[in-house]
Structure formats: C-alpha cells, structure tokens
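**Student:** Sharing a structure with you now.
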Amino acid sequence: MRSAVALTGALALSLVAGCAQDGGAGGGGDTVTYWLWDANQLPAYQACAKGFEKENPGLKVKISQLGWDDYWTKLTASFIAGTQPDVFTDHIQKFGQFADLKVLEPLDGLGINPSDYQPGLADNWIGQDGHRYGAPKDWDTVALFYNKKMARSAGLTPRQIEGLAWNPKDGGTFEKTIAHLTVDVHGRRGDEPGFDKHHVKVYGLATGGGGDGDGQTTWSNFAASAGWSYTDKERWGDKYRYDSRTFQSVIKWYFGLAKKGYLAPLTDYSAGANPANAQVAAGKAATAFDGAWMISTYAATKGVEVATAPTPAGPTGKRATMMNGLADSITRNAHNKQGARKWVRYLASDTCQKTVGRYGIVFPATPGGTKAAVAAYGGKGIDVSAFTKPVTDRKDFRTFTFPITNYAADVYALMHPAMQGIYGSGASAGSLDRTTDQINLILSQ
C-alpha cells in the first residue's frame with residue numbers, strides 16, 4: 001500500500017490535537033464546508049461564496065481558515081476522524097499521497113478544460129491513475145525583491161538589477177551585485193578590500209533557509225536555469241537527480257555565498273520569526289528571492305521601498321522560476337458531495353477567479369482572473385511584471401513545478417537535514433549522492 005501504513009500512523013499521532021478543534025465536520029445537505037490556509041485570501045473567497053449562493057439558492061458555503069502548519073495537521077487527522085471538509089485548498093506536494101490513500105474524490109466529469117487556465121496548471125493535478133484530483137485555483141512565480149534605497153546607494157540602477165546573470169564558476173554579475181550590496185560593520189562593501197565577512201551589517205541576499213528538496217525561493221531558479229530538473233520525468237518521476245554534478249555545482253556555489261559573507265547565514269533564518277521578508281524589512285538584507293504571494297507584504301513594509309526584478313539568467317541563457325499552482329480538491333467522504341462539486345466548479349470558473357483577482361492578493365488560474373489581479377496590483381501602484389513575464393515569455397524564461405512524485409514526505413525528511421548540513425554545517429554537496437540513493441530506494445518500493 002505504498003506509504004499508507006506510515007502515513008496512517010502519523011495521522012493517528014496528530015489526531016488527538018486535531019479532533020479537539022471545532023469546525024471540522026463536513027456540511028449537511030444545504031451546507032458545503034471549505035478550508036483554506038491563507039488569511040489574506042479569506043475576504044476574496046467569502047465574496048465568491050456570496051456569488052455562489054446567489055446562483056445556487058438553498059446552498060451555503062462555510063469557510064474555515066487555519067494557519068499553514070495547523071491546516072495540514074488538522075486536515076490529515078480529519079480523514080481518520082471523519083471530520084474532513086467537503087472541499088479544501090490543496091498543494092501539489094500533498095495531493096499525490098492523498099490520492100494514493102484514496103481520500104480524494106476524482107473530479108472527472110466536472111468540465112475542467114485545461115485550455116481555460118494558464119499553461120500546465122490543470123495537467124499537474126492528474127494522478128498516476130489518470131484521474132483528476134484538483135481544479136486549478138491560482139498560480140505564483142518567484143522574483144527578486146530589493147531595497148530601492150540600498151540599491152541607489154550602491155550605484156545600481158533598476159535596469160542593471162533586472163539584467164543580472166549568473167554561473168556556478170564565478171557567480172557572474174549576480175554575485176558581483178550581491179557582494180556590492182553587502183556591507184560590514186565598518187562600512188566596507190563585500191567587494192572592497194578589508195571586508196569583514198564575520199561582522200556583516202547588511203547582507204546582499206537574505207536567507208530563506210536550506211530549501212529542503214525543492215528550493216522554491218532559494219536555489220531552485222539557479223538549478224533550473226543551469227538546465228537541471230528534479231526528477232527523470234516531468235511528473236511522477238521514478239528517480240530524483242540530486243546526485244547530478246550540475247545540481248551539486250549549483251548548490252556548492254549558492255551556499256558558498258554564505259561562506260563569503262554575502263548570503264545571510266542559516267542561523268538567521270526562521271520561517272515564523274525571521275523569514276526573508278522580515279530580514280529585508282529590518283534592513284538586515286538588501287535583497288530576497290520570494291514568491292508572488294508575498295507581493296502585498298513587501299509593498300506594505302514600513303520605511304522600506306521595495307522593487308522587484310526577474311530571476312537572473314543562467315548558463316542556459318534563460319531565466320527560470322518555479323511556477324506553482326494551487327487547486328481545490330473534494331474529499332472522498334465529503335458529507336455534501338453534490339454541493340461540493342458545484343462549489344468546486346464555481347471556484348474554477350472565470351466568474352469566481354475574476355472576483356478573486358480584483359482583490360489583488362494572488363494570481364488566479366484563468367487568464368481573465370490573472371488580468372484582473374494585474375489591474376488590481378496596478379491600482380495599488382505595484383508593478384508585478386517580474387512575476388507575470390515568465391508565464392508569457394517562453395523564449396527567455398523557463399517555468400517548472402514542484403517535483404511531483406510519490407513519498408513527498410519521505411523526500412522532505414531526508415532532504416531537510418541534508419541541505420541544512422551543507423548550508424549550516426559545511427557538509428559537501430557530494431554528500432547528496434548518498435541522500436539521493438536513499439530517496440530513490442524509497443521510490444522504487
């Protein structure tokens with residue numbers, strides 16, 4: 001049964017905490033329960049719920065929002081306790097295992113047409129059994145956020161930052177720029193004689209952690225622009241490729257930036273207390289790679305004017321960014337399955353996605369929804385072209401998704417300490433050979 005036994009055991013351990021919370025049970029005949037984790041998106045989906053209820057007299061949508069960690073703990077526990085929601089926001093790294101454990105309802109016959117959405121988003125939610133398990137919801141890409149004042153003080157223009165390139169040998173103009181933006185406690189820049197890498201006041205690049213097995217907002221754009229891919233297949237690969245010489249050369253160079261004092265050390269990072277955006281907001285870092293879901297957060301940073309630039313071009317000549325897309329899934333034992341199907345179809349419709357887009361929080365999956373979001377951001381004075389251009393410019397950009405395989409939790413369990421060891425403890429990139437062997441052995445089961 002693949003990892004069903006292991007996962008069920010893990011779920012049982014979290015059941016005690018999960019069951020005690022209210023609001024988990026699915027809806028009755030006139031109510032559809034819906035879970036999401038992003039508080040910023042809650043108002044937009046409440047507006048969609050009003051539209052849905054107007055079109056479907058007699059049906060009500062009950063929305064519950066939980067923080068990221070609590071969300072997955074409670075959701076997985078709910079599958080055992082029978083308190084699962086009818087519909088929930090799903091993540092690409094989770095759905096494979098959920099589908100394998102048969103806790104998701106196939107969405108075949110729901111009328112989801114891949115051509116109605118941004119390229120690739122709908123295809124990512126087809127399981128190994130050929131069934132669809134997610135209706136496209138939104139998408140995001142990654143770009144470089146930078147402190148405009150610090151850039152000006154360093155004599156850097158927006159055009160220069162937007163035109164950066166890198167390579168694993170000397171780092172290219174990207175490394176030169178990050179070094180120049182780094183300032184030690186004596187006021188010396190990272191590219192000036194006497195720079196003290198052990199006493200840095202402002203790092204050129206904020207830390208986003210070790211990146212685990214995907215490196216979404218850390219090393220992934222570099223690896224992809226060097227021509228590397230996570231697995232041997234675009235989706236449902238049989239082997240991971242962390243043992244690739246290309247990948248390891250990227251990792252050695254990227255984490256080597258920390259040894260030079262340009263990238264903030266791993267000890268500065270905390271997903272909860274000190275993420276990359278907090279480092280930029282505090283003036284401790286001049287730049288940070290981050291996702292489109294953080295646009296409004298950076299824009300609202302008090303006392304710091306932030307701009308964005310696309311990821312740097314790599315050895316392949318292209319820029320690269322992960323393009324992740326969330327989806328809405330129906331639980332197999334939904335209490336109101338008929339209402340759930342209607343709600344998911346409405347969520348995936350251009351009507352709802354344009355509504356969400358007008359809030360200027362995320363990029364909805366349909367082109368119409370995306371257009372509405374771009375206009376909403378523009379109305380706030382926010383330029384989002386660094387995030388949208390990769391989707392339309394296939395000549396100069398490469399987009400890619402999270403690795404889609406079985407045993408995602410096992411991959412994380414192995415790659416998290418491995419990448420932390422390289423970043424924070426000086427382990428060699430070559431140590432990933434052994435980790436890769438362990439991961440691929442699990443995948444072969």
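Simple scheme: letters A, B, ... for chains in structure tokens order, numbers from 1 for residues in each chain, numbers from 1 for ligands in the order shown.
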Please build the interface table for segment 53-170 of chain A against segment 242-261 of chain A with a cut-off of 9 Å, listing for each qualifying residue the nearest atom pair and the distance in Å to one decimal; count only C-alpha atoms, order rows by chain and increasing number, and write it as CSV.
**Tutor:**
residue,atom,partner,partner_atom,distance
A:Asn167,CA,A:Val250,CA,8.3
A:Pro168,CA,A:Trp253,CA,5.6
A:Lys169,CA,A:Trp253,CA,7.5
A:Asp170,CA,A:Trp253,CA,8.4
**Student:** For the selection you just gave me, I'd like the residues written to a file as a compact mmCIF listing (two decimals), in the first residue's frame, keeping C-alpha atoms.
**Tutor:**
# COMPACT_ATOMS: atom_id res chain seq x y z
CA ASN A 167 27.14 30.99 -13.43
CA PRO A 168 28.50 28.46 -10.91
CA LYS A 169 32.16 29.36 -11.57
CA ASP A 170 32.38 33.00 -10.54
**Student:** Excluding same-chain residues fewer than 3 positions from segment 317-325 of chain A, what lies within 7 Å of it counting only C-alpha atoms, as an NGL selection string?
**Tutor:** :A and (121 or 137-142 or 216 or 221 or 224-225 or 311-314 or 396-402)
**Student:** Report the distance between atom CA of Ala340 of chain A and atom CA of Gly120 of chain A in Å, rounded to one decimal place.
**Tutor:**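 Between these atoms lies a distance of 24.2 Å.
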**Student:** Of the candidates A:Pro119, A:Gly210, A:Pro193, A:Gly171, which one gets nearest to Ala365 of chain A if we count only C-alpha atoms?
**Tutor:**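 Counting only C-alpha atoms, the residue closest to Ala365 of chain A is A:Pro119.
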**Student:** Rounded to one decimal place, report the atom CA of Ile330 of chain A-atom CA of Glu105 of chain A distance in Å.
**Tutor:**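 These two atoms are separated by 5.4 Å.
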**Student:** Residues at most 9 Å from Ala418 of chain A, counting only C-alpha atoms, excluding those fewer than 4 positions away in the same chain, as JSON, numbers by chain?
**Tutor:** {"A": [210, 212, 414, 422, 423, 427, 431, 432, 435]}
**Student:** Using N, CA, C and O atoms, can you export the residues from the last selection as an mmCIF file, in the first residue's frame?
**Tutor:**
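The file below, again36.cif, is the result:
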data_model
loop_
_atom_site.group_PDB
_atom_site.id
_atom_site.type_symbol
_atom_site.label_atom_id
_atom_site.label_comp_id
_atom_site.auth_asym_id
_atom_site.auth_seq_id
_atom_site.Cartn_x
_atom_site.Cartn_y
_atom_site.Cartn_z
ATOM 1 N N GLY A 210 17.448 26.382 3.984
ATOM 2 C CA GLY A 210 18.180 25.451 3.139
ATOM 3 C C GLY A 210 17.452 25.024 1.884
ATOM 4 O O GLY A 210 18.042 24.433 0.986
ATOM 5 N N ASP A 212 15.283 22.675 1.574
ATOM 6 C CA ASP A 212 14.805 21.280 1.612
ATOM 7 C C ASP A 212 15.004 20.605 0.255
ATOM 8 O O ASP A 212 16.080 20.702 -0.320
ATOM 9 N N LEU A 414 14.379 13.455 4.326
ATOM 10 C CA LEU A 414 15.788 13.204 4.013
ATOM 11 C C LEU A 414 16.508 14.458 3.538
ATOM 12 O O LEU A 414 17.665 14.705 3.895
ATOM 13 N N ILE A 422 24.656 21.038 4.535
ATOM 14 C CA ILE A 422 25.528 21.711 3.574
ATOM 15 C C ILE A 422 25.604 23.203 3.867
ATOM 16 O O ILE A 422 26.690 23.800 3.882
ATOM 17 N N TYR A 423 24.462 23.808 4.122
ATOM 18 C CA TYR A 423 24.385 25.246 4.359
ATOM 19 C C TYR A 423 24.995 25.638 5.702
ATOM 20 O O TYR A 423 25.831 26.549 5.780
ATOM 21 N N ALA A 427 28.879 20.547 5.283
ATOM 22 C CA ALA A 427 28.911 19.271 4.559
ATOM 23 C C ALA A 427 29.102 19.546 3.075
ATOM 24 O O ALA A 427 28.717 20.599 2.561
ATOM 25 N N SER A 431 27.775 15.025 -0.626
ATOM 26 C CA SER A 431 27.066 14.188 0.340
ATOM 27 C C SER A 431 25.651 13.884 -0.130
ATOM 28 O O SER A 431 25.002 12.964 0.392
ATOM 29 N N LEU A 432 25.165 14.642 -1.118
ATOM 30 C CA LEU A 432 23.822 14.405 -1.646
ATOM 31 C C LEU A 432 23.738 13.118 -2.462
ATOM 32 O O LEU A 432 22.646 12.642 -2.741
ATOM 33 N N THR A 435 22.228 10.665 -0.074
ATOM 34 C CA THR A 435 20.834 11.032 0.170
ATOM 35 C C THR A 435 19.969 10.653 -1.018
ATOM 36 O O THR A 435 18.848 10.149 -0.853
#
**Student:** Go through A:Asp191, A:Asp129, A:Thr355, A:Gly96 one by one, measure the shortest atom-to-atom distance of each to Ala373 of chain A using only C-alpha atoms, and give the residue with the smallest value.
**Tutor:**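 For Ala373 of chain A, the nearest of the candidates is A:Thr355.
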**Student:** As a list of chain:residue names, please: the residues near Ile178 of chain A (cut-off 6 Å, only C-alpha atoms, same-chain neighbours under 3 positions excluded).
**Tutor:**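 Here the answer would be A:Glu175, A:Leu181, A:Gly204.
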**Student:** For the residues in the current selection, export C-alpha atoms as a short mmCIF file (atom, residue, chain, number, x, y, z; two decimals), in the first residue's frame.
**Tutor:**
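Once written, selection_23.cif looks like this:
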data_model
loop_
_atom_site.label_atom_id
_atom_site.label_comp_id
_atom_site.auth_asym_id
_atom_site.auth_seq_id
_atom_site.Cartn_x
_atom_site.Cartn_y
_atom_site.Cartn_z
CA GLU A 175 27.31 37.56 -7.34
CA LEU A 181 25.20 45.32 -1.70
CA GLY A 204 23.39 41.30 0.00
#
**Student:** Which residues come within 12 Å of Tyr262 of chain A, counting only C-alpha atoms, excluding same-chain residues fewer than 5 positions away, as JSON, numbers by chain?
**Tutor:** {"A": [171, 174, 175, 176, 177, 178, 179, 180, 181, 182, 183, 184, 189, 190, 191, 195, 196, 197, 198, 199, 200, 201, 202, 203, 204, 205, 206, 207, 253, 254, 255, 256, 257, 284, 285, 286, 287, 288]}
**Student:** Restricting the output to N, CA and C atoms, write the selected residues as a tab-separated table (two decimals), in the first residue's frame.
**Tutor:**
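The result, written out as out_2.tsv:
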chain	number	residue	atom	x	y	z
A	171	GLY	N	29.96	33.23	-10.32
A	171	GLY	CA	28.74	33.89	-9.89
A	171	GLY	C	28.21	34.96	-10.81
A	174	PHE	N	25.42	38.56	-11.02
A	174	PHE	CA	24.57	38.41	-9.83
A	174	PHE	C	25.42	38.42	-8.57
A	175	GLU	N	26.47	37.60	-8.54
A	175	GLU	CA	27.31	37.56	-7.34
A	175	GLU	C	28.01	38.90	-7.12
A	176	LYS	N	28.45	39.53	-8.19
A	176	LYS	CA	29.10	40.83	-8.04
A	176	LYS	C	28.15	41.84	-7.41
A	177	THR	N	26.89	41.79	-7.82
A	177	THR	CA	25.89	42.72	-7.30
A	177	THR	C	25.58	42.44	-5.84
A	178	ILE	N	25.41	41.15	-5.50
A	178	ILE	CA	25.13	40.78	-4.12
A	178	ILE	C	26.31	41.16	-3.21
A	179	ALA	N	27.52	40.96	-3.72
A	179	ALA	CA	28.71	41.33	-2.95
A	179	ALA	C	28.75	42.84	-2.71
A	180	HIS	N	28.43	43.61	-3.74
A	180	HIS	CA	28.47	45.07	-3.63
A	180	HIS	C	27.40	45.61	-2.69
A	181	LEU	N	26.28	44.91	-2.60
A	181	LEU	CA	25.20	45.32	-1.70
A	181	LEU	C	25.46	44.92	-0.25
A	182	THR	N	26.42	44.03	-0.03
A	182	THR	CA	26.77	43.60	1.31
A	182	THR	C	27.67	44.64	1.98
A	183	VAL	N	27.37	44.96	3.21
A	183	VAL	CA	28.14	45.97	3.94
A	183	VAL	C	28.48	45.45	5.34
A	184	ASP	N	29.77	45.53	5.71
A	184	ASP	CA	30.14	45.07	7.06
A	184	ASP	C	29.95	46.18	8.09
A	189	ARG	N	32.12	47.44	1.75
A	189	ARG	CA	31.29	46.56	0.94
A	189	ARG	C	31.99	45.24	0.69
A	190	GLY	N	31.18	44.24	0.30
A	190	GLY	CA	31.70	42.89	0.12
A	190	GLY	C	32.74	42.76	-0.97
A	191	ASP	N	32.77	43.71	-1.90
A	191	ASP	CA	33.76	43.67	-2.99
A	191	ASP	C	34.90	44.66	-2.77
A	195	PHE	N	37.03	43.91	3.61
A	195	PHE	CA	35.68	43.50	4.00
A	195	PHE	C	35.74	42.40	5.06
A	196	ASP	N	34.97	42.58	6.14
A	196	ASP	CA	34.97	41.62	7.25
A	196	ASP	C	33.72	40.74	7.16
A	197	LYS	N	33.87	39.57	6.61
A	197	LYS	CA	32.73	38.68	6.41
A	197	LYS	C	32.17	38.11	7.71
A	198	HIS	N	32.90	38.26	8.77
A	198	HIS	CA	32.44	37.73	10.06
A	198	HIS	C	31.61	38.75	10.85
A	199	HIS	N	31.60	39.97	10.38
A	199	HIS	CA	30.84	41.02	11.07
A	199	HIS	C	30.10	41.86	10.03
A	200	VAL	N	29.00	41.29	9.55
A	200	VAL	CA	28.24	41.92	8.48
A	200	VAL	C	27.03	42.67	9.04
A	201	LYS	N	26.85	43.89	8.57
A	201	LYS	CA	25.72	44.69	8.99
A	201	LYS	C	24.51	44.47	8.08
A	202	VAL	N	24.76	44.46	6.78
A	202	VAL	CA	23.71	44.24	5.79
A	202	VAL	C	24.18	43.17	4.80
A	203	TYR	N	23.45	42.08	4.71
A	203	TYR	CA	23.77	41.04	3.75
A	203	TYR	C	23.19	41.39	2.39
A	204	GLY	N	23.90	41.04	1.34
A	204	GLY	CA	23.39	41.30	0.00
A	204	GLY	C	22.15	40.50	-0.30
A	205	LEU	N	22.07	39.29	0.25
A	205	LEU	CA	20.94	38.39	-0.01
A	205	LEU	C	20.43	37.79	1.30
A	206	ALA	N	19.13	37.91	1.53
A	206	ALA	CA	18.51	37.32	2.72
A	206	ALA	C	18.52	35.81	2.62
A	207	THR	N	18.49	35.16	3.76
A	207	THR	CA	18.39	33.70	3.77
A	207	THR	C	16.93	33.27	3.80
A	253	TRP	N	28.04	26.46	-5.14
A	253	TRP	CA	28.19	27.91	-5.37
A	253	TRP	C	27.21	28.71	-4.52
A	254	TYR	N	25.93	28.30	-4.53
A	254	TYR	CA	24.90	29.08	-3.84
A	254	TYR	C	25.18	29.20	-2.35
A	255	PHE	N	25.40	28.08	-1.68
A	255	PHE	CA	25.67	28.14	-0.25
A	255	PHE	C	27.06	28.69	0.04
A	256	GLY	N	27.92	28.68	-0.99
A	256	GLY	CA	29.24	29.29	-0.86
A	256	GLY	C	29.13	30.79	-0.68
A	257	LEU	N	28.01	31.38	-1.13
A	257	LEU	CA	27.80	32.82	-0.93
A	257	LEU	C	27.76	33.16	0.55
A	284	LYS	N	18.34	44.30	7.37
A	284	LYS	CA	19.45	43.36	7.55
A	284	LYS	C	19.87	42.69	6.24
A	285	ALA	N	19.05	42.83	5.21
A	285	ALA	CA	19.37	42.26	3.90
A	285	ALA	C	18.87	43.21	2.82
A	286	ALA	N	19.62	43.28	1.73
A	286	ALA	CA	19.26	44.21	0.65
A	286	ALA	C	18.31	43.57	-0.36
A	287	THR	N	18.37	42.25	-0.51
A	287	THR	CA	17.54	41.56	-1.48
A	287	THR	C	17.03	40.25	-0.92
A	288	ALA	N	16.01	39.70	-1.56
A	288	ALA	CA	15.48	38.39	-1.16
A	288	ALA	C	14.72	37.79	-2.33
**Student:** DSSP on the backbone: what in segment 91-183 of chain A comes out strand (DSSP E), as a count of residues only?
**Tutor:** 11
**Student:** I'd like the interatomic distance between atom CA of His416 of chain A and atom CA of Gly127 of chain A, to a tenth of an Å.
**Tutor:** 25.5 Å
**Student:** From a backbone DSSP assignment, name each residue in segment 152-239 of chain A labelled helix (DSSP H, G or I), as a list in words.
**Tutor:** Arg152, Ser153, Pro158, Arg159, Gln160, Ile161, Glu162, Gly172, Thr173, Phe174, Glu175, Lys176, Thr177, Ile178, Ala179, His180, Leu181, Ser220, Asn221, Phe222, Ala223, Ala224 and Ser225 of chain A
